[in-house]
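Trainee: This is the structure I have questions about; it appears just below.
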Amino acid sequence: MIEDAETGKVLEEHAEHIGVTTNNQAEYQALKLGLEEARQMGIKKIQVFMDSQLVVNQLKGTYK
């Protein structure tokens, strides 16, 4: 979901079947698709909120 931080209005929401995969692969796929959609919408600044400890810590460089 892409939401305007100031208004709370949902700008884009998307769901799709990605087949049999792990939860970690699904989290990365969701992040990738969300960032790609934000770029296509012309969004220049974005905050990402996730509950995947693995993805968050890998992106922060805590995990390799």
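Lettering and numbering for the structure tokens are positional, with chains as A, B, ... in the shown order, residues counted from 1 in each chain, and ligands counted from 1 in the shown order.
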Write out as a list in words all residues of chain A that DSSP puts in strand (DSSP E or B) for this structure's backbone.
Mentor: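 Those in chain A that DSSP calls strand (DSSP E or B) are Ile2, Glu3, Val10, Leu11 and Glu12 of chain A.
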Trainee: Applying 10 Å and only C-alpha atoms, which residues near Gln53 in chain A remain after dropping the ones on its own chain fewer than 5 positions away? List them as a ChimeraX atom specification.
Mentor: /A:24,58-59,63
Trainee: Generate a file of the selected residues that holds all heavy atoms, formatted as a CSV table (one decimal), in the first residue's frame.
Mentor:
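For reference, result38.csv as written:
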chain,number,residue,atom,x,y,z
A,24,ASN,N,10.2,-14.8,3.3
A,24,ASN,CA,11.3,-13.8,3.1
A,24,ASN,C,11.3,-13.3,1.6
A,24,ASN,O,11.4,-12.1,1.3
A,24,ASN,CB,12.6,-14.3,3.5
A,24,ASN,CG,12.7,-14.5,5.0
A,24,ASN,OD1,12.1,-13.8,5.8
A,24,ASN,ND2,13.5,-15.5,5.4
A,58,GLN,N,18.7,-6.4,6.9
A,58,GLN,CA,19.6,-6.5,5.7
A,58,GLN,C,19.7,-5.2,5.0
A,58,GLN,O,20.8,-4.8,4.6
A,58,GLN,CB,19.1,-7.6,4.7
A,58,GLN,CG,19.4,-9.0,5.2
A,58,GLN,CD,18.9,-10.1,4.3
A,58,GLN,OE1,18.0,-9.9,3.6
A,58,GLN,NE2,19.6,-11.2,4.3
A,59,LEU,N,18.6,-4.4,4.9
A,59,LEU,CA,18.6,-3.1,4.2
A,59,LEU,C,19.4,-2.1,5.1
A,59,LEU,O,20.1,-1.2,4.5
A,59,LEU,CB,17.2,-2.6,4.0
A,59,LEU,CG,16.4,-3.3,2.9
A,59,LEU,CD1,15.0,-2.8,2.9
A,59,LEU,CD2,17.1,-3.2,1.6
A,63,TYR,N,22.5,-7.2,8.9
A,63,TYR,CA,22.7,-8.6,8.5
A,63,TYR,C,23.3,-8.5,7.1
A,63,TYR,O,23.0,-7.6,6.3
A,63,TYR,CB,21.4,-9.3,8.3
A,63,TYR,CG,20.6,-9.6,9.6
A,63,TYR,CD1,19.3,-10.0,9.5
A,63,TYR,CD2,21.1,-9.4,10.9
A,63,TYR,CE1,18.5,-10.2,10.7
A,63,TYR,CE2,20.4,-9.6,12.0
A,63,TYR,CZ,19.1,-10.0,11.9
A,63,TYR,OH,18.4,-10.2,13.0
Trainee: Within 9 Å of range 34-48 of chain A, counting only C-alpha atoms, which residues show up once you throw out same-chain ones fewer than 6 positions away? Write them as an MDAnalysis selection string, please.
Mentor: chainID A and resid 1:2 5 12 14
Trainee: Dump N, CA and C atoms for the selected residues as a JSON list (two decimals), in the first residue's frame?
Mentor:
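The file below, selection-v7.json, is the result:
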[["chain", "number", "residue", "atom", "x", "y", "z"],
["A", 1, "MET", "N", 0.85, -1.17, 0.00],
["A", 1, "MET", "CA", 0.00, 0.00, 0.00],
["A", 1, "MET", "C", 0.89, 1.23, 0.00],
["A", 2, "ILE", "N", 0.55, 2.20, -0.81],
["A", 2, "ILE", "CA", 1.24, 3.48, -0.83],
["A", 2, "ILE", "C", 0.26, 4.51, -0.30],
["A", 5, "ALA", "N", 1.67, 10.41, 3.49],
["A", 5, "ALA", "CA", 2.00, 10.55, 4.91],
["A", 5, "ALA", "C", 1.29, 11.73, 5.56],
["A", 12, "GLU", "N", -2.30, 4.00, -3.57],
["A", 12, "GLU", "CA", -2.21, 2.78, -4.40],
["A", 12, "GLU", "C", -2.24, 1.57, -3.48],
["A", 14, "HIS", "N", -2.19, -2.85, -3.93],
["A", 14, "HIS", "CA", -2.00, -3.88, -4.93],
["A", 14, "HIS", "C", -1.83, -5.23, -4.25]]
Trainee: Write out as JSON, numbers by chain the residues lying within 10 Å of Ile18 in chain A, counting only C-alpha atoms and excluding same-chain residues fewer than 4 positions away.
Mentor: {"A": [25, 26, 29, 30]}
Trainee: Take the residues from that selection and write them out as a JSON list (two decimals), in the first residue's frame, keeping C-alpha atoms.
Mentor:
[["chain", "number", "residue", "atom", "x", "y", "z"],
["A", 25, "GLN", "CA", 11.05, -13.93, -0.70],
["A", 26, "ALA", "CA", 7.48, -12.63, -0.53],
["A", 29, "GLN", "CA", 9.01, -9.06, -3.71],
["A", 30, "ALA", "CA", 6.44, -6.80, -2.01]]
Trainee: Please compute the CA of Glu13 in chain A-CA of Leu54 in chain A distance, one decimal, in Å.
Mentor: 23.4 Å
Trainee: Provide the CA of Ser52 in chain A to CA of Ala15 in chain A distance in Å, to one decimal place.
Mentor: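 We find that CA of Ser52 in chain A and CA of Ala15 in chain A lie 17.7 Å from each other.
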Trainee: Quick one: distance from CA of Lys60 in chain A to CA of Leu11 in chain A in Å, one decimal?
Mentor: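 Calculated distance between CA of Lys60 in chain A and CA of Leu11 in chain A is 26.3 Å.
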Trainee: I'd like to know which residues of chain A are alpha helix (DSSP H) (by DSSP, run on the backbone); could you write them as an mmCIF file with N, CA, C and O atoms, in the first residue's frame?
Mentor:
data_model
loop_
_atom_site.group_PDB
_atom_site.id
_atom_site.type_symbol
_atom_site.label_atom_id
_atom_site.label_comp_id
_atom_site.auth_asym_id
_atom_site.auth_seq_id
_atom_site.Cartn_x
_atom_site.Cartn_y
_atom_site.Cartn_z
ATOM 1 N N ASN A 23 8.371 -16.819 3.028
ATOM 2 C CA ASN A 23 7.893 -15.526 3.509
ATOM 3 C C ASN A 23 8.929 -14.425 3.241
ATOM 4 O O ASN A 23 8.574 -13.295 2.919
ATOM 5 N N ASN A 24 10.214 -14.762 3.344
ATOM 6 C CA ASN A 24 11.254 -13.765 3.096
ATOM 7 C C ASN A 24 11.265 -13.329 1.633
ATOM 8 O O ASN A 24 11.390 -12.144 1.321
ATOM 9 N N GLN A 25 11.119 -14.277 0.721
ATOM 10 C CA GLN A 25 11.051 -13.932 -0.697
ATOM 11 C C GLN A 25 9.825 -13.073 -0.979
ATOM 12 O O GLN A 25 9.888 -12.121 -1.759
ATOM 13 N N ALA A 26 8.712 -13.402 -0.341
ATOM 14 C CA ALA A 26 7.480 -12.628 -0.531
ATOM 15 C C ALA A 26 7.651 -11.205 -0.010
ATOM 16 O O ALA A 26 7.184 -10.243 -0.640
ATOM 17 N N GLU A 27 8.319 -11.044 1.125
ATOM 18 C CA GLU A 27 8.561 -9.705 1.681
ATOM 19 C C GLU A 27 9.425 -8.879 0.737
ATOM 20 O O GLU A 27 9.154 -7.700 0.491
ATOM 21 N N TYR A 28 10.496 -9.465 0.215
ATOM 22 C CA TYR A 28 11.354 -8.745 -0.727
ATOM 23 C C TYR A 28 10.602 -8.397 -2.005
ATOM 24 O O TYR A 28 10.757 -7.309 -2.549
ATOM 25 N N GLN A 29 9.795 -9.309 -2.499
ATOM 26 C CA GLN A 29 9.009 -9.055 -3.705
ATOM 27 C C GLN A 29 8.031 -7.900 -3.476
ATOM 28 O O GLN A 29 7.880 -7.025 -4.337
ATOM 29 N N ALA A 30 7.381 -7.881 -2.326
ATOM 30 C CA ALA A 30 6.442 -6.804 -2.013
ATOM 31 C C ALA A 30 7.165 -5.462 -1.947
ATOM 32 O O ALA A 30 6.667 -4.448 -2.462
ATOM 33 N N LEU A 31 8.332 -5.433 -1.319
ATOM 34 C CA LEU A 31 9.117 -4.201 -1.241
ATOM 35 C C LEU A 31 9.509 -3.726 -2.639
ATOM 36 O O LEU A 31 9.340 -2.552 -2.986
ATOM 37 N N LYS A 32 10.019 -4.639 -3.435
ATOM 38 C CA LYS A 32 10.450 -4.298 -4.804
ATOM 39 C C LYS A 32 9.292 -3.737 -5.624
ATOM 40 O O LYS A 32 9.423 -2.684 -6.261
ATOM 41 N N LEU A 33 8.161 -4.418 -5.593
ATOM 42 C CA LEU A 33 7.009 -3.962 -6.365
ATOM 43 C C LEU A 33 6.499 -2.613 -5.863
ATOM 44 O O LEU A 33 6.113 -1.750 -6.654
ATOM 45 N N GLY A 34 6.492 -2.419 -4.550
ATOM 46 C CA GLY A 34 6.040 -1.150 -3.986
ATOM 47 C C GLY A 34 6.945 0.007 -4.372
ATOM 48 O O GLY A 34 6.469 1.094 -4.712
ATOM 49 N N LEU A 35 8.256 -0.213 -4.331
ATOM 50 C CA LEU A 35 9.202 0.836 -4.718
ATOM 51 C C LEU A 35 9.102 1.148 -6.206
ATOM 52 O O LEU A 35 9.173 2.312 -6.612
ATOM 53 N N GLU A 36 8.921 0.120 -7.023
ATOM 54 C CA GLU A 36 8.765 0.335 -8.459
ATOM 55 C C GLU A 36 7.499 1.136 -8.747
ATOM 56 O O GLU A 36 7.506 2.045 -9.575
ATOM 57 N N GLU A 37 6.411 0.813 -8.068
ATOM 58 C CA GLU A 37 5.151 1.532 -8.265
ATOM 59 C C GLU A 37 5.294 2.987 -7.825
ATOM 60 O O GLU A 37 4.823 3.898 -8.512
ATOM 61 N N ALA A 38 5.945 3.217 -6.696
ATOM 62 C CA ALA A 38 6.152 4.589 -6.216
ATOM 63 C C ALA A 38 6.955 5.392 -7.236
ATOM 64 O O ALA A 38 6.641 6.555 -7.511
ATOM 65 N N ARG A 39 7.970 4.788 -7.810
ATOM 66 C CA ARG A 39 8.783 5.471 -8.823
ATOM 67 C C ARG A 39 7.934 5.812 -10.046
ATOM 68 O O ARG A 39 8.008 6.914 -10.578
ATOM 69 N N GLN A 40 7.106 4.872 -10.484
ATOM 70 C CA GLN A 40 6.241 5.117 -11.646
ATOM 71 C C GLN A 40 5.233 6.234 -11.369
ATOM 72 O O GLN A 40 4.824 6.945 -12.281
ATOM 73 N N GLN A 53 11.817 -8.556 10.064
ATOM 74 C CA GLN A 53 13.093 -8.263 10.707
ATOM 75 C C GLN A 53 14.256 -8.552 9.763
ATOM 76 O O GLN A 53 15.217 -7.789 9.702
ATOM 77 N N LEU A 54 14.184 -9.634 9.016
ATOM 78 C CA LEU A 54 15.254 -9.994 8.089
ATOM 79 C C LEU A 54 15.470 -8.899 7.042
ATOM 80 O O LEU A 54 16.585 -8.415 6.857
ATOM 81 N N VAL A 55 14.410 -8.496 6.359
ATOM 82 C CA VAL A 55 14.528 -7.491 5.300
ATOM 83 C C VAL A 55 15.006 -6.161 5.875
ATOM 84 O O VAL A 55 15.925 -5.538 5.333
ATOM 85 N N VAL A 56 14.420 -5.724 6.959
ATOM 86 C CA VAL A 56 14.804 -4.443 7.564
ATOM 87 C C VAL A 56 16.282 -4.448 7.949
ATOM 88 O O VAL A 56 17.026 -3.519 7.630
ATOM 89 N N ASN A 57 16.727 -5.496 8.620
ATOM 90 C CA ASN A 57 18.118 -5.544 9.059
ATOM 91 C C ASN A 57 19.099 -5.733 7.904
ATOM 92 O O ASN A 57 20.221 -5.227 7.964
ATOM 93 N N GLN A 58 18.694 -6.401 6.853
ATOM 94 C CA GLN A 58 19.565 -6.503 5.684
ATOM 95 C C GLN A 58 19.687 -5.154 4.984
ATOM 96 O O GLN A 58 20.756 -4.754 4.574
ATOM 97 N N LEU A 59 18.589 -4.423 4.878
ATOM 98 C CA LEU A 59 18.638 -3.121 4.238
ATOM 99 C C LEU A 59 19.427 -2.114 5.062
ATOM 100 O O LEU A 59 20.106 -1.245 4.516
ATOM 101 N N LYS A 60 19.376 -2.243 6.377
ATOM 102 C CA LYS A 60 20.148 -1.359 7.264
ATOM 103 C C LYS A 60 21.624 -1.760 7.331
ATOM 104 O O LYS A 60 22.444 -1.015 7.841
#
